[in-house]
$ cat model29.pdb   # PDB, C-alpha atoms
ATOM      1  CA  MET Z 263     -25.038  42.259  17.335  1.00  0.00           C
ATOM      2  CA  HIS Z 264     -23.594  41.816  20.788  1.00  0.00           C
ATOM      3  CA  ASP Z 265     -19.991  40.792  21.296  1.00  0.00           C
ATOM      4  CA  GLU Z 266     -19.592  38.061  23.879  1.00  0.00           C
ATOM      5  CA  LEU Z 267     -16.875  39.300  26.215  1.00  0.00           C
ATOM      6  CA  THR Z 268     -15.628  38.353  29.658  1.00  0.00           C
ATOM      7  CA  LYS Z 269     -15.318  40.615  32.686  1.00  0.00           C
ATOM      8  CA  VAL Z 270     -11.559  40.763  32.086  1.00  0.00           C
ATOM      9  CA  ASP Z 271     -12.184  41.958  28.494  1.00  0.00           C
ATOM     10  CA  ILE Z 272     -14.411  44.745  29.798  1.00  0.00           C
ATOM     11  CA  GLN Z 273     -11.862  45.664  32.482  1.00  0.00           C
ATOM     12  CA  LYS Z 274      -9.006  45.807  29.938  1.00  0.00           C
ATOM     13  CA  MET Z 275     -11.067  48.002  27.609  1.00  0.00           C
ATOM     14  CA  GLN Z 276     -11.991  50.364  30.447  1.00  0.00           C
ATOM     15  CA  GLU Z 277      -8.330  50.626  31.447  1.00  0.00           C
ATOM     16  CA  GLU Z 278      -7.406  51.538  27.876  1.00  0.00           C
ATOM     17  CA  ILE Z 279     -10.194  54.149  27.742  1.00  0.00           C
ATOM     18  CA  ASP Z 280      -8.941  55.674  30.994  1.00  0.00           C
ATOM     19  CA  TYR Z 281      -5.338  55.725  29.757  1.00  0.00           C
ATOM     20  CA  ARG Z 282      -6.259  57.291  26.425  1.00  0.00           C
ATOM     21  CA  THR Z 283      -8.620  59.828  28.003  1.00  0.00           C
ATOM     22  CA  HIS Z 284      -6.469  60.956  30.934  1.00  0.00           C
ATOM     23  CA  GLU Z 285      -2.895  60.493  29.710  1.00  0.00           C
ATOM     24  CA  GLN Z 286      -2.553  60.072  25.968  1.00  0.00           C
ATOM     25  CA  ARG Z 287      -5.222  62.497  24.706  1.00  0.00           C
ATOM     26  CA  PRO Z 288      -4.011  65.534  26.750  1.00  0.00           C
ATOM     27  CA  LYS Z 289      -0.471  64.981  25.417  1.00  0.00           C
ATOM     28  CA  ILE Z 290      -1.738  64.800  21.857  1.00  0.00           C
ATOM     29  CA  ILE Z 291      -3.788  67.987  22.324  1.00  0.00           C
ATOM     30  CA  GLU Z 292      -0.639  69.720  23.561  1.00  0.00           C
ATOM     31  CA  ASP Z 293       1.205  68.457  20.457  1.00  0.00           C
ATOM     32  CA  VAL Z 294      -1.560  69.910  18.257  1.00  0.00           C
ATOM     33  CA  LYS Z 295      -1.251  73.296  20.009  1.00  0.00           C
ATOM     34  CA  THR Z 296       2.538  73.282  19.670  1.00  0.00           C
ATOM     35  CA  ALA Z 297       2.404  72.341  15.990  1.00  0.00           C
ATOM     36  CA  ARG Z 298      -0.275  74.956  15.311  1.00  0.00           C
ATOM     37  CA  ALA Z 299       2.071  77.625  16.671  1.00  0.00           C
ATOM     38  CA  PHE Z 300       4.550  76.832  13.873  1.00  0.00           C
ATOM     39  CA  GLY Z 301       2.350  78.877  11.532  1.00  0.00           C
ATOM     40  CA  ASP Z 302       1.014  78.273   7.993  1.00  0.00           C
ATOM     41  CA  LEU Z 303      -1.286  75.287   8.568  1.00  0.00           C
ATOM     42  CA  SER Z 304      -1.538  74.468   4.852  1.00  0.00           C
ATOM     43  CA  GLU Z 305       2.096  73.304   4.783  1.00  0.00           C
ATOM     44  CA  ASN Z 306       2.487  72.247   8.400  1.00  0.00           C
ATOM     45  CA  TYR Z 307       3.080  68.498   8.451  1.00  0.00           C
ATOM     46  CA  GLU Z 308       3.512  68.363  12.232  1.00  0.00           C
ATOM     47  CA  TYR Z 309       0.061  69.892  12.698  1.00  0.00           C
ATOM     48  CA  LYS Z 310      -1.563  67.461  10.265  1.00  0.00           C
ATOM     49  CA  ALA Z 311       0.150  64.487  11.903  1.00  0.00           C
ATOM     50  CA  ALA Z 312      -0.871  65.598  15.397  1.00  0.00           C
ATOM     51  CA  LYS Z 313      -4.493  66.097  14.286  1.00  0.00           C
ATOM     52  CA  GLN Z 314      -4.481  62.659  12.681  1.00  0.00           C
ATOM     53  CA  GLU Z 315      -3.153  61.110  15.895  1.00  0.00           C
ATOM     54  CA  LEU Z 316      -5.885  62.894  17.879  1.00  0.00           C
ATOM     55  CA  ARG Z 317      -8.568  61.535  15.516  1.00  0.00           C
ATOM     56  CA  ARG Z 318      -7.112  58.033  15.829  1.00  0.00           C
ATOM     57  CA  CYS Z 319      -7.133  58.269  19.629  1.00  0.00           C
ATOM     58  CA  ASP Z 320     -10.717  59.594  19.730  1.00  0.00           C
ATOM     59  CA  SER Z 321     -11.833  56.901  17.303  1.00  0.00           C
ATOM     60  CA  ARG Z 322     -10.349  54.155  19.493  1.00  0.00           C
ATOM     61  CA  ILE Z 323     -12.068  55.599  22.591  1.00  0.00           C
ATOM     62  CA  ARG Z 324     -15.434  55.627  20.759  1.00  0.00           C
ATOM     63  CA  PHE Z 325     -14.872  52.067  19.515  1.00  0.00           C
ATOM     64  CA  LEU Z 326     -14.092  50.762  22.997  1.00  0.00           C
ATOM     65  CA  LYS Z 327     -17.062  52.554  24.560  1.00  0.00           C
ATOM     66  CA  ARG Z 328     -19.408  51.069  21.931  1.00  0.00           C
ATOM     67  CA  MET Z 329     -17.954  47.610  22.548  1.00  0.00           C
ATOM     68  CA  ILE Z 330     -18.559  47.912  26.282  1.00  0.00           C
ATOM     69  CA  ALA Z 331     -22.069  49.293  25.802  1.00  0.00           C
ATOM     70  CA  SER Z 332     -23.122  46.489  23.462  1.00  0.00           C
ATOM     71  CA  ALA Z 333     -21.231  43.623  25.112  1.00  0.00           C
ATOM     72  CA  LYS Z 334     -22.853  40.536  26.482  1.00  0.00           C
ATOM     73  CA  VAL Z 335     -20.792  39.434  29.490  1.00  0.00           C
ATOM     74  CA  ILE Z 336     -20.140  35.699  29.481  1.00  0.00           C
ATOM     75  CA  ASP Z 337     -18.644  33.278  31.972  1.00  0.00           C
ATOM     76  CA  ALA Z 338     -15.390  31.624  30.917  1.00  0.00           C
ATOM     77  CA  THR Z 339     -15.850  28.443  32.940  1.00  0.00           C
ATOM     78  CA  SER Z 340     -16.355  25.062  31.313  1.00  0.00           C
ATOM     79  CA  LYS Z 341     -16.453  21.407  32.342  1.00  0.00           C
ATOM     80  CA  ASP Z 342     -13.087  19.841  33.146  1.00  0.00           C
ATOM     81  CA  ASP Z 343     -13.227  17.419  30.226  1.00  0.00           C
ATOM     82  CA  GLU Z 344     -14.608  19.809  27.575  1.00  0.00           C
ATOM     83  CA  VAL Z 345     -13.020  22.501  25.424  1.00  0.00           C
ATOM     84  CA  GLY Z 346     -13.860  25.942  26.784  1.00  0.00           C
ATOM     85  CA  LEU Z 347     -12.643  29.521  26.666  1.00  0.00           C
ATOM     86  CA  PHE Z 348      -8.928  30.104  27.305  1.00  0.00           C
ATOM     87  CA  ASP Z 349      -8.135  26.383  27.104  1.00  0.00           C
ATOM     88  CA  LYS Z 350      -5.075  25.245  25.158  1.00  0.00           C
ATOM     89  CA  VAL Z 351      -6.164  22.522  22.804  1.00  0.00           C
ATOM     90  CA  GLU Z 352      -3.954  20.195  20.799  1.00  0.00           C
ATOM     91  CA  LEU Z 353      -5.595  19.482  17.462  1.00  0.00           C
ATOM     92  CA  PHE Z 354      -4.625  16.881  14.881  1.00  0.00           C
ATOM     93  CA  TYR Z 355      -5.373  17.889  11.281  1.00  0.00           C
ATOM     94  CA  GLU Z 356      -6.016  14.646   9.408  1.00  0.00           C
ATOM     95  CA  GLU Z 357      -5.478  15.991   5.882  1.00  0.00           C
ATOM     96  CA  ASP Z 358      -2.078  17.438   6.777  1.00  0.00           C
ATOM     97  CA  ASN Z 359      -1.103  14.730   9.260  1.00  0.00           C
ATOM     98  CA  GLU Z 360       0.032  17.525  11.622  1.00  0.00           C
ATOM     99  CA  SER Z 361      -0.748  18.660  15.153  1.00  0.00           C
ATOM    100  CA  GLU Z 362      -1.124  22.198  16.448  1.00  0.00           C
ATOM    101  CA  VAL Z 363      -1.832  23.725  19.852  1.00  0.00           C
ATOM    102  CA  ILE Z 364      -4.283  26.614  19.873  1.00  0.00           C
ATOM    103  CA  GLU Z 365      -5.828  28.704  22.630  1.00  0.00           C
ATOM    104  CA  LEU Z 366      -9.535  29.506  22.403  1.00  0.00           C
ATOM    105  CA  THR Z 367     -10.235  33.180  23.188  1.00  0.00           C
ATOM    106  CA  THR Z 368     -12.881  35.837  22.846  1.00  0.00           C
ATOM    107  CA  THR Z 369     -12.969  37.776  19.587  1.00  0.00           C
ATOM    108  CA  LEU Z 370     -11.394  40.792  21.270  1.00  0.00           C
ATOM    109  CA  ARG Z 371      -8.264  38.835  22.178  1.00  0.00           C
ATOM    110  CA  ARG Z 372      -7.803  36.705  19.081  1.00  0.00           C
ATOM    111  CA  ASP Z 373      -4.328  36.664  17.553  1.00  0.00           C
ATOM    112  CA  VAL Z 374      -3.790  34.031  14.875  1.00  0.00           C
ATOM    113  CA  PHE Z 375      -0.048  34.721  14.816  1.00  0.00           C
ATOM    114  CA  HIS Z 376       0.156  33.425  18.396  1.00  0.00           C
ATOM    115  CA  GLN Z 377      -2.396  30.602  17.920  1.00  0.00           C
ATOM    116  CA  CYS Z 378      -5.118  32.475  19.849  1.00  0.00           C
ATOM    117  CA  ILE Z 379      -8.278  31.543  17.950  1.00  0.00           C
ATOM    118  CA  SER Z 380     -11.652  33.222  18.457  1.00  0.00           C
ATOM    119  CA  LYS Z 381     -14.435  31.082  19.853  1.00  0.00           C
ATOM    120  CA  GLU Z 382     -16.603  32.591  17.114  1.00  0.00           C
ATOM    121  CA  SER Z 383     -14.393  31.402  14.244  1.00  0.00           C
ATOM    122  CA  PRO Z 384     -15.464  28.255  12.362  1.00  0.00           C
ATOM    123  CA  LEU Z 385     -12.780  26.230  14.162  1.00  0.00           C
ATOM    124  CA  GLY Z 386     -13.608  27.737  17.558  1.00  0.00           C
ATOM    125  CA  GLN Z 387     -17.354  27.181  17.187  1.00  0.00           C
ATOM    126  CA  THR Z 388     -16.804  23.590  16.113  1.00  0.00           C
ATOM    127  CA  ILE Z 389     -14.473  22.430  18.881  1.00  0.00           C
ATOM    128  CA  MET Z 390     -16.149  24.321  21.754  1.00  0.00           C
ATOM    129  CA  GLY Z 391     -17.705  21.828  24.168  1.00  0.00           C
ATOM    130  CA  HIS Z 392     -16.032  18.748  22.660  1.00  0.00           C
ATOM    131  CA  LYS Z 393     -13.828  16.275  24.529  1.00  0.00           C
ATOM    132  CA  VAL Z 394     -10.442  14.615  24.054  1.00  0.00           C
ATOM    133  CA  GLY Z 395     -10.656  12.017  21.288  1.00  0.00           C
ATOM    134  CA  ASP Z 396     -13.568  13.678  19.494  1.00  0.00           C
ATOM    135  CA  ARG Z 397     -13.228  13.919  15.715  1.00  0.00           C
ATOM    136  CA  VAL Z 398     -15.135  16.909  14.365  1.00  0.00           C
ATOM    137  CA  LEU Z 399     -15.809  18.399  10.935  1.00  0.00           C
ATOM    138  CA  VAL Z 400     -14.877  22.077  10.649  1.00  0.00           C
ATOM    139  CA  LYS Z 401     -16.817  23.894   7.915  1.00  0.00           C
ATOM    140  CA  ALA Z 402     -14.749  26.940   6.956  1.00  0.00           C
ATOM    141  CA  SER Z 403     -17.191  27.794   4.139  1.00  0.00           C
ATOM    142  CA  ASP Z 404     -19.806  26.117   1.982  1.00  0.00           C
ATOM    143  CA  THR Z 405     -17.085  24.509  -0.117  1.00  0.00           C
ATOM    144  CA  VAL Z 406     -14.199  24.077   2.341  1.00  0.00           C
ATOM    145  CA  SER Z 407     -14.272  21.700   5.292  1.00  0.00           C
ATOM    146  CA  TYR Z 408     -11.785  19.506   7.118  1.00  0.00           C
ATOM    147  CA  TYR Z 409     -11.610  17.080  10.037  1.00  0.00           C
ATOM    148  CA  VAL Z 410      -9.700  17.678  13.250  1.00  0.00           C
ATOM    149  CA  GLN Z 411      -9.256  15.406  16.214  1.00  0.00           C
ATOM    150  CA  ILE Z 412      -8.915  16.802  19.726  1.00  0.00           C
ATOM    151  CA  ARG Z 413      -5.781  15.247  21.222  1.00  0.00           C
ATOM    152  CA  SER Z 414      -5.515  17.092  24.541  1.00  0.00           C
ATOM    153  CA  ILE Z 415      -7.037  19.919  26.556  1.00  0.00           C
ATOM    154  CA  GLU Z 416      -5.078  22.059  29.003  1.00  0.00           C
ATOM    155  CA  LYS Z 417      -7.530  24.071  31.064  1.00  0.00           C
ATOM    156  CA  GLY Z 418      -6.871  27.792  31.091  1.00  0.00           C
ATOM    157  CA  THR Z 419      -8.162  30.794  32.976  1.00  0.00           C
ATOM    158  CA  ASP Z 420      -9.320  34.233  31.969  1.00  0.00           C
ATOM    159  CA  ASP Z 421      -6.313  36.220  33.116  1.00  0.00           C
ATOM    160  CA  GLU Z 422      -4.827  39.469  31.909  1.00  0.00           C
ATOM    161  CA  SER Z 423      -1.939  37.893  29.998  1.00  0.00           C
ATOM    162  CA  LEU Z 424      -3.651  38.135  26.593  1.00  0.00           C
ATOM    163  CA  PRO Z 425      -3.795  41.701  25.248  1.00  0.00           C
ATOM    164  CA  ILE Z 426      -6.898  43.094  23.605  1.00  0.00           C
ATOM    165  CA  ARG Z 427      -6.848  43.568  19.856  1.00  0.00           C
ATOM    166  CA  GLN Z 428      -5.868  46.905  18.363  1.00  0.00           C
ATOM    167  CA  PHE Z 429      -7.302  48.369  15.151  1.00  0.00           C
TER     168      PHE Z 429
END
$ encode --input "model29.pdb" --output "structure tokens"
Amino acid sequence: MHDELTKVDIQKMQEEIDYRTHEQRPKIIEDVKTARAFGDLSENYEYKAAKQELRRCDSRIRFLKRMIASAKVIDATSKDDEVGLFDKVELFYEEDNESEVIELTTTLRRDVFHQCISKESPLGQTIMGHKVGDRVLVKASDTVSYYVQIRSIEKGTDDESLPIRQF
């Protein structure tokens, strides 16, 4: 499966790879060497912790490289009157009689705690391409669905303000 990512996503991942490879990893390797010098590795917590941090760093580098290698680069532009990537959308949830503003993002930059919803989520897939005033049925699963109405769309851009997701 290919992740649909923007050029900014790829750029942010490459920057993180460079940082981890050239700055963070050498420091961690030095920490491993220092901790190893403390002696008896079987009871050396500092050594174990440094090795674990090195594995975590290497794992993140591999993950990011695989993401870049398998990514499908997409364009974040959309029509002025339709919901697209990085747009802030006010939704009205009929069942709850409440409104909410969400931002539609790529999977790599989703953050539900800050109302950044992936375009690949059930909600994101459903509202993508719709216009103000549209009432759409969101199917969260085979048994759960709900209606939302699009109240407003504030066009957004693919900038570097949204961080990429960590593990």
$ atom_distance --input "model29.pdb" --atom1 "CA of Asp349 (chain Z)" --atom2 "CA of Thr405 (chain Z)"
28.7 Å
$ resolve_selection --input "model29.pdb" --expression "the PyMOL selection byres ((chain Z and resi 420) around 7)" --output "PyMOL selection string"
chain Z and resi 270+338+348+418-419+421-422
$ closest_residue --input "model29.pdb" --among "Z:Tyr309, Z:Phe354, Z:Phe375, Z:Ile364" --to "Leu399 (chain Z)" --atoms "all atoms listed in the file"
Z:Phe354
$ atom_distance --input "model29.pdb" --atom1 "CA of Glu315 (chain Z)" --atom2 "CA of Gln276 (chain Z)"
20.1 Å
$ atom_distance --input "model29.pdb" --atom1 "CA of Ala311 (chain Z)" --atom2 "CA of Arg372 (chain Z)"
29.8 Å
$ resolve_selection --input "model29.pdb" --expression "the PyMOL selection byres ((chain Z and resi 319) around 9)" --output "ChimeraX atom specification"
/Z:282-283,286-287,290,314-318,320-324
$ axis_aligned_box --input "model29.pdb" --around "region 342-347 of chain Z" --padding-each-side "3 Å" --output "AutoDock Vina command-line options"
--center_x -13.6 --center_y 23.5 --center_z 29.3 --size_x 8.0 --size_y 18.1 --size_z 13.7
$ closest_residue --input "model29.pdb" --among "Z:Val410, Z:Ile415, Z:Ile389, Z:Ile336" --to "Thr268 (chain Z)" --atoms "only C-alpha atoms"
Z:Ile336
$ closest_residue --input "model29.pdb" --among "Z:Lys327, Z:Lys417, Z:Arg298, Z:Lys341" --to "Gln273 (chain Z)" --atoms "all atoms listed in the file"
Z:Lys327
$ residues_near_point --input "model29.pdb" --point "(-8.2, 25.9, 25.6)" --cutoff "12 Å" --atoms "all atoms listed in the file" --output "PyMOL selection string"
chain Z and resi 338-353+363-368+377-381+386+389-394+412-420
$ closest_residue --input "model29.pdb" --among "Z:Ser304, Z:Lys313, Z:Asp358, Z:Lys274" --to "Glu292 (chain Z)" --atoms "all atoms listed in the file"
Z:Lys313
$ closest_residue --input "model29.pdb" --among "Z:Asp337, Z:Asp271, Z:Asp404, Z:Glu357" --to "Thr369 (chain Z)" --atoms "only C-alpha atoms"
Z:Asp271
$ closest_residue --input "model29.pdb" --among "Z:Ile279, Z:Ala331, Z:Ile291, Z:Leu303" --to "His264 (chain Z)" --atoms "all atoms listed in the file"
Z:Ala331
$ residues_around --input "model29.pdb" --residues "Val335 (chain Z)" --least-positions-apart "6" --cutoff "7 Å" --atoms "all atoms listed in the file" --output "VMD selection string"
chain Z and resid 266 to 269
$ residues_around --input "model29.pdb" --residues "Ser407 (chain Z)" --least-positions-apart "6" --cutoff "12 Å" --atoms "all atoms listed in the file" --output "PyMOL selection string"
chain Z and resi 355-357+384-385+388+398-401
$ decode --input "model29.pdb" --residues "region 311-380 of chain Z" --atoms "C-alpha atoms" --output "CSV table (one decimal), in the first residue's frame"
chain,number,residue,atom,x,y,z
Z,311,ALA,CA,18.9,2.4,28.2
Z,312,ALA,CA,21.4,3.9,25.7
Z,313,LYS,CA,21.2,0.8,23.5
Z,314,GLN,CA,17.4,1.0,23.6
Z,315,GLU,CA,17.5,4.6,22.6
Z,316,LEU,CA,19.8,3.7,19.7
Z,317,ARG,CA,17.4,1.0,18.5
Z,318,ARG,CA,14.5,3.4,18.7
Z,319,CYS,CA,16.4,6.0,16.7
Z,320,ASP,CA,17.4,3.5,14.0
Z,321,SER,CA,13.8,2.1,13.9
Z,322,ARG,CA,12.4,5.6,13.3
Z,323,ILE,CA,15.0,6.2,10.5
Z,324,ARG,CA,14.0,2.9,8.8
Z,325,PHE,CA,10.3,3.8,9.1
Z,326,LEU,CA,10.7,7.2,7.6
Z,327,LYS,CA,12.9,5.8,4.7
Z,328,ARG,CA,10.2,3.2,3.9
Z,329,MET,CA,7.5,5.8,4.0
Z,330,ILE,CA,9.4,8.0,1.5
Z,331,ALA,CA,10.2,5.0,-0.7
Z,332,SER,CA,6.6,3.8,-0.9
Z,333,ALA,CA,4.9,7.2,-0.9
Z,334,LYS,CA,2.6,8.4,-3.7
Z,335,VAL,CA,3.1,12.2,-3.9
Z,336,ILE,CA,-0.2,14.0,-4.2
Z,337,ASP,CA,-1.2,17.6,-4.9
Z,338,ALA,CA,-3.0,19.4,-2.1
Z,339,THR,CA,-4.9,21.8,-4.3
Z,340,SER,CA,-8.7,21.7,-4.5
Z,341,LYS,CA,-11.5,23.8,-6.0
Z,342,ASP,CA,-12.4,26.9,-4.1
Z,343,ASP,CA,-15.9,25.7,-3.1
Z,344,GLU,CA,-15.0,22.1,-2.2
Z,345,VAL,CA,-13.4,20.5,0.8
Z,346,GLY,CA,-9.8,19.6,0.2
Z,347,LEU,CA,-6.6,18.9,2.0
Z,348,PHE,CA,-5.6,21.3,4.8
Z,349,ASP,CA,-8.9,23.1,4.7
Z,350,LYS,CA,-10.6,23.9,8.0
Z,351,VAL,CA,-14.2,22.7,7.8
Z,352,GLU,CA,-17.0,23.5,10.2
Z,353,LEU,CA,-19.2,20.4,10.5
Z,354,PHE,CA,-22.6,20.2,12.2
Z,355,TYR,CA,-23.4,16.8,13.8
Z,356,GLU,CA,-27.1,16.3,13.6
Z,357,GLU,CA,-27.5,13.6,16.2
Z,358,ASP,CA,-25.6,15.7,18.8
Z,359,ASN,CA,-26.9,19.1,17.6
Z,360,GLU,CA,-23.2,20.4,17.8
Z,361,SER,CA,-20.7,22.0,15.5
Z,362,GLU,CA,-17.0,21.3,15.3
Z,363,VAL,CA,-14.2,22.7,13.2
Z,364,ILE,CA,-11.7,20.1,11.8
Z,365,GLU,CA,-8.7,20.4,9.5
Z,366,LEU,CA,-8.3,17.7,6.9
Z,367,THR,CA,-4.7,16.4,6.7
Z,368,THR,CA,-2.6,13.6,5.3
Z,369,THR,CA,-2.3,10.5,7.5
Z,370,LEU,CA,1.2,11.4,8.5
Z,371,ARG,CA,0.0,14.7,10.1
Z,372,ARG,CA,-3.2,13.6,11.7
Z,373,ASP,CA,-3.7,14.6,15.3
Z,374,VAL,CA,-7.2,14.0,16.6
Z,375,PHE,CA,-6.4,15.9,19.8
Z,376,HIS,CA,-6.0,19.1,17.7
Z,377,GLN,CA,-8.9,18.3,15.3
Z,378,CYS,CA,-6.5,17.3,12.5
Z,379,ILE,CA,-8.4,14.5,10.8
Z,380,SER,CA,-6.8,12.2,8.1
